[in-house]
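Asks: What follows is a structure written as structure tokens; I'll ask about it next.
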Amino acid sequence: MNITIEMIQMMLVAISIAAAASLLGSFAILKRMALVGDALSHVALPGLALALIFNFSPFLGAMVFLIAATLGIWFLEYQSRLPIETIVGVFFAASLALGTLITPNHELLEALLGNITNLSQNEALASIILSLFLIVLLIMFRKKLALNMVSQEMAQSIGIKNKRLELIYLLIFALAVALGIKFVGALLMGSLVIIPAASAKNIAKSLRSFMSISVIFGVFSSALGVYVSYLYNLPPGPIFILISTAIFIISLIARKFK
């Protein structure tokens, strides 16, 4: 198969998004928020629907709803003292119902499963830049996030502001979800965050190796997924998930023997 500029663009976008999402996933697993990414992806669905109806950028539509939901989740977490999973679940159900109701029927499948084949060059460049920005943020805050996940009291004792750090983390999550929805869609976004990180956790021996292996698995799965999808004219998102799942199964077997 001849390698085209379109394929290179798709692969660069997919690799950058997968690298950022996989790195985020390592923290999500440590924080026991594996299902939050999946729930937040559905929160973006009404924004996607409005973008499709009024013909503006789906990323902007998703991002507006995600930021609003993130601020609401963060506020209610400290005001109600409910577990964050409970609050996210409420937003998830309401957003999924609203998004399904107003999304045009002929656009619903793309919103749920994603499609990066029709990204413009500007959208592709923006996705790559924002993904790199997200990676830099996670690397900058990795020690604070890790300590916060181990013990909030210990983190607070050395001057870490836990509430502000939680907000930053949720906003990073929102940005990752908004970027990934175009790749794998609202239905599969949680898997983009979680599966490479879950595979890495099976074989990693330290936090650094956990993060690194998670990114490697995400990048490999996304690159191979785009190649296979381009070769056989299939949607890249589901192919990525299937490849990631195969790697997860192999990592389970490797862990068993280790």
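The way I read the labels, and the way they are meant: chains A, B, ... in the order of the structure tokens, residue 1 as the first residue of every chain, and ligand 1 as the first ligand shown, with later ones counted on from there.
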Tell me, as a ChimeraX atom specification, which residues lie within 12 Å of Ser191 in chain A, counting only C-alpha atoms; anything in the same chain fewer than 6 positions away does not count.

Replies: /A:18,21-22,24-25,28,34-41,113,177,180-181,183-185,197-199,218,221,237-245,248

Asks: Could you take the residues named above and write them with N, CA, C and O atoms, as a CSV table (one decimal), in the first residue's frame?

Replies:
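Saved the output as result_4.csv:
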```csv
chain,number,residue,atom,x,y,z
A,18,ALA,N,-3.5,9.3,21.3
A,18,ALA,CA,-3.4,8.1,22.1
A,18,ALA,C,-2.3,8.2,23.1
A,18,ALA,O,-2.4,7.7,24.3
A,21,ALA,N,-3.8,10.4,26.0
A,21,ALA,CA,-4.9,9.6,26.7
A,21,ALA,C,-4.3,8.5,27.5
A,21,ALA,O,-4.7,8.2,28.6
A,22,SER,N,-3.3,7.8,26.9
A,22,SER,CA,-2.7,6.6,27.7
A,22,SER,C,-1.9,7.1,28.9
A,22,SER,O,-2.0,6.5,30.0
A,24,LEU,N,-2.6,9.8,30.6
A,24,LEU,CA,-3.7,10.2,31.5
A,24,LEU,C,-4.3,8.9,32.2
A,24,LEU,O,-4.6,8.9,33.4
A,25,GLY,N,-4.4,7.9,31.4
A,25,GLY,CA,-5.0,6.6,31.9
A,25,GLY,C,-4.2,6.0,33.0
A,25,GLY,O,-4.8,5.4,33.9
A,28,ALA,N,-5.5,7.8,36.0
A,28,ALA,CA,-6.9,7.4,36.2
A,28,ALA,C,-7.0,6.0,36.9
A,28,ALA,O,-7.8,5.9,37.8
A,34,ALA,N,-11.2,4.7,36.6
A,34,ALA,CA,-11.2,4.1,35.3
A,34,ALA,C,-12.5,4.3,34.5
A,34,ALA,O,-12.5,4.5,33.3
A,35,LEU,N,-13.6,4.4,35.2
A,35,LEU,CA,-14.9,4.6,34.5
A,35,LEU,C,-15.2,6.1,34.3
A,35,LEU,O,-16.2,6.4,33.6
A,36,VAL,N,-14.5,7.0,34.9
A,36,VAL,CA,-14.8,8.4,34.7
A,36,VAL,C,-14.6,8.9,33.3
A,36,VAL,O,-15.4,9.7,32.7
A,37,GLY,N,-13.5,8.4,32.6
A,37,GLY,CA,-13.3,8.8,31.2
A,37,GLY,C,-14.4,8.3,30.3
A,37,GLY,O,-14.8,9.1,29.4
A,38,ASP,N,-14.9,7.2,30.6
A,38,ASP,CA,-16.0,6.7,29.8
A,38,ASP,C,-17.3,7.5,30.0
A,38,ASP,O,-18.0,7.9,29.0
A,39,ALA,N,-17.5,7.9,31.3
A,39,ALA,CA,-18.7,8.7,31.6
A,39,ALA,C,-18.5,10.1,31.0
A,39,ALA,O,-19.5,10.7,30.5
A,40,LEU,N,-17.4,10.7,31.1
A,40,LEU,CA,-17.2,12.1,30.7
A,40,LEU,C,-17.3,12.1,29.1
A,40,LEU,O,-17.7,13.2,28.6
A,41,SER,N,-16.9,11.1,28.4
A,41,SER,CA,-17.1,11.1,27.0
A,41,SER,C,-18.5,11.2,26.6
A,41,SER,O,-18.8,11.9,25.6
A,113,LEU,N,-18.9,6.6,17.3
A,113,LEU,CA,-17.7,5.8,17.0
A,113,LEU,C,-16.5,6.7,16.5
A,113,LEU,O,-15.4,6.1,16.3
A,177,VAL,N,-10.6,14.0,26.6
A,177,VAL,CA,-11.9,13.4,26.1
A,177,VAL,C,-12.3,14.2,24.8
A,177,VAL,O,-12.7,13.5,23.8
A,180,GLY,N,-10.1,13.1,22.0
A,180,GLY,CA,-10.2,11.7,21.6
A,180,GLY,C,-11.5,11.3,20.9
A,180,GLY,O,-11.6,10.3,20.2
A,181,ILE,N,-12.6,12.1,21.2
A,181,ILE,CA,-13.9,11.8,20.6
A,181,ILE,C,-13.9,11.7,19.1
A,181,ILE,O,-14.5,10.8,18.5
A,183,PHE,N,-11.5,10.7,17.3
A,183,PHE,CA,-10.7,9.5,17.0
A,183,PHE,C,-11.6,8.2,17.2
A,183,PHE,O,-11.8,7.4,16.3
A,184,VAL,N,-12.1,8.1,18.4
A,184,VAL,CA,-12.8,6.8,18.8
A,184,VAL,C,-14.3,7.0,19.1
A,184,VAL,O,-15.0,6.1,19.3
A,185,GLY,N,-14.7,8.3,19.1
A,185,GLY,CA,-16.1,8.5,19.4
A,185,GLY,C,-16.5,8.5,20.8
A,185,GLY,O,-15.7,8.1,21.7
A,197,ALA,N,-3.4,1.7,29.6
A,197,ALA,CA,-2.8,1.9,30.9
A,197,ALA,C,-3.1,0.6,31.7
A,197,ALA,O,-2.2,0.2,32.5
A,198,ALA,N,-4.2,-0.1,31.5
A,198,ALA,CA,-4.5,-1.3,32.2
A,198,ALA,C,-3.5,-2.4,31.8
A,198,ALA,O,-3.0,-3.2,32.6
A,199,SER,N,-3.1,-2.4,30.5
A,199,SER,CA,-2.1,-3.4,30.0
A,199,SER,C,-0.8,-3.1,30.6
A,199,SER,O,-0.1,-4.0,31.0
A,218,GLY,N,-0.3,2.6,23.9
A,218,GLY,CA,-1.3,3.5,23.2
A,218,GLY,C,-0.8,3.9,21.8
A,218,GLY,O,-1.6,3.9,20.8
A,221,SER,N,-0.8,0.8,19.4
A,221,SER,CA,-2.2,0.4,19.0
A,221,SER,C,-2.8,1.4,18.0
A,221,SER,O,-3.5,1.1,17.1
A,237,GLY,N,-11.2,3.9,15.0
A,237,GLY,CA,-11.5,3.8,16.5
A,237,GLY,C,-11.7,2.4,16.9
A,237,GLY,O,-11.0,1.9,17.8
A,238,PRO,N,-12.7,1.7,16.4
A,238,PRO,CA,-12.9,0.3,16.8
A,238,PRO,C,-11.7,-0.6,16.6
A,238,PRO,O,-11.5,-1.5,17.4
A,239,ILE,N,-11.0,-0.4,15.5
A,239,ILE,CA,-9.8,-1.2,15.3
A,239,ILE,C,-8.7,-1.0,16.4
A,239,ILE,O,-8.1,-1.9,16.9
A,240,PHE,N,-8.6,0.3,16.8
A,240,PHE,CA,-7.6,0.6,17.9
A,240,PHE,C,-8.0,-0.1,19.2
A,240,PHE,O,-7.2,-0.7,19.8
A,241,ILE,N,-9.3,-0.1,19.5
A,241,ILE,CA,-9.8,-0.8,20.7
A,241,ILE,C,-9.5,-2.3,20.7
A,241,ILE,O,-9.1,-2.9,21.7
A,242,LEU,N,-9.8,-2.9,19.5
A,242,LEU,CA,-9.5,-4.3,19.4
A,242,LEU,C,-8.1,-4.7,19.5
A,242,LEU,O,-7.7,-5.7,20.2
A,243,ILE,N,-7.2,-3.9,18.9
A,243,ILE,CA,-5.7,-4.1,19.1
A,243,ILE,C,-5.3,-3.9,20.5
A,243,ILE,O,-4.6,-4.7,21.1
A,244,SER,N,-5.8,-2.9,21.2
A,244,SER,CA,-5.5,-2.6,22.6
A,244,SER,C,-6.0,-3.7,23.5
A,244,SER,O,-5.3,-4.1,24.4
A,245,THR,N,-7.1,-4.3,23.2
A,245,THR,CA,-7.7,-5.4,24.0
A,245,THR,C,-6.8,-6.6,23.8
A,245,THR,O,-6.5,-7.4,24.8
A,248,PHE,N,-3.9,-6.2,25.9
A,248,PHE,CA,-4.2,-6.4,27.3
A,248,PHE,C,-4.2,-7.9,27.7
A,248,PHE,O,-3.7,-8.3,28.7
```

Asks: Would you list the contacts of Gly72 in chain A as a list in words, taking every protein, DNA or RNA residue within 12 Å and counting only C-alpha atoms, but skipping same-chain residues closer than 2 positions in sequence?

Replies: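 Close residues of Gly72 in chain A: Val43, Phe65, Leu66, Ile67, Ala68, Ala69, Thr70, Trp74, Phe75, Leu76, Glu77, Tyr78, Gln79, Ser80, Ile84, Ile87, Val88, Val90, Phe91, Leu167, Leu170 and Leu171 of chain A.
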
Asks: Using only C-alpha atoms, which residue out of A:Ile5, A:Ala254, A:Ile249, A:Leu179 lies closest to Pro196 in chain A?

Replies: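 Distance minimum relative to Pro196 in chain A lands on A:Ile249.
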
Asks: How many Å separate CA of Ile139 in chain A from CA of Pro83 in chain A?

Replies: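 Interatomic distance here is 26.4 Å.
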
Asks: Rank nothing, just name the residue among A:Ile15, A:Val64, A:Leu71, A:Ala44 nearest to Ile129 in chain A, using only C-alpha atoms.

Replies: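 The shortest atom-to-atom distance to Ile129 in chain A comes from A:Ile15.
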
Asks: Quick one: of A:Leu30, A:Ala49, A:Ile135, A:Ile172, who's nearest to Gly99 in chain A, counting only C-alpha atoms?

Replies: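 That would be A:Ala49, the residue with the smallest distance to Gly99 in chain A.
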
Asks: Pick from A:Arg32, A:Leu192, A:Thr117, A:Ile253: nearest to Tyr230 in chain A, with only C-alpha atoms counted?

Replies: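 Checking each candidate against Tyr230 in chain A, we get A:Thr117 as the closest.
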
Asks: When you count only C-alpha atoms, which of these residues is closest to Ser209 in chain A: A:Leu125, A:Leu23, A:Ala14, A:Ile160?

Replies: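 Nearest to Ser209 in chain A: A:Leu23.
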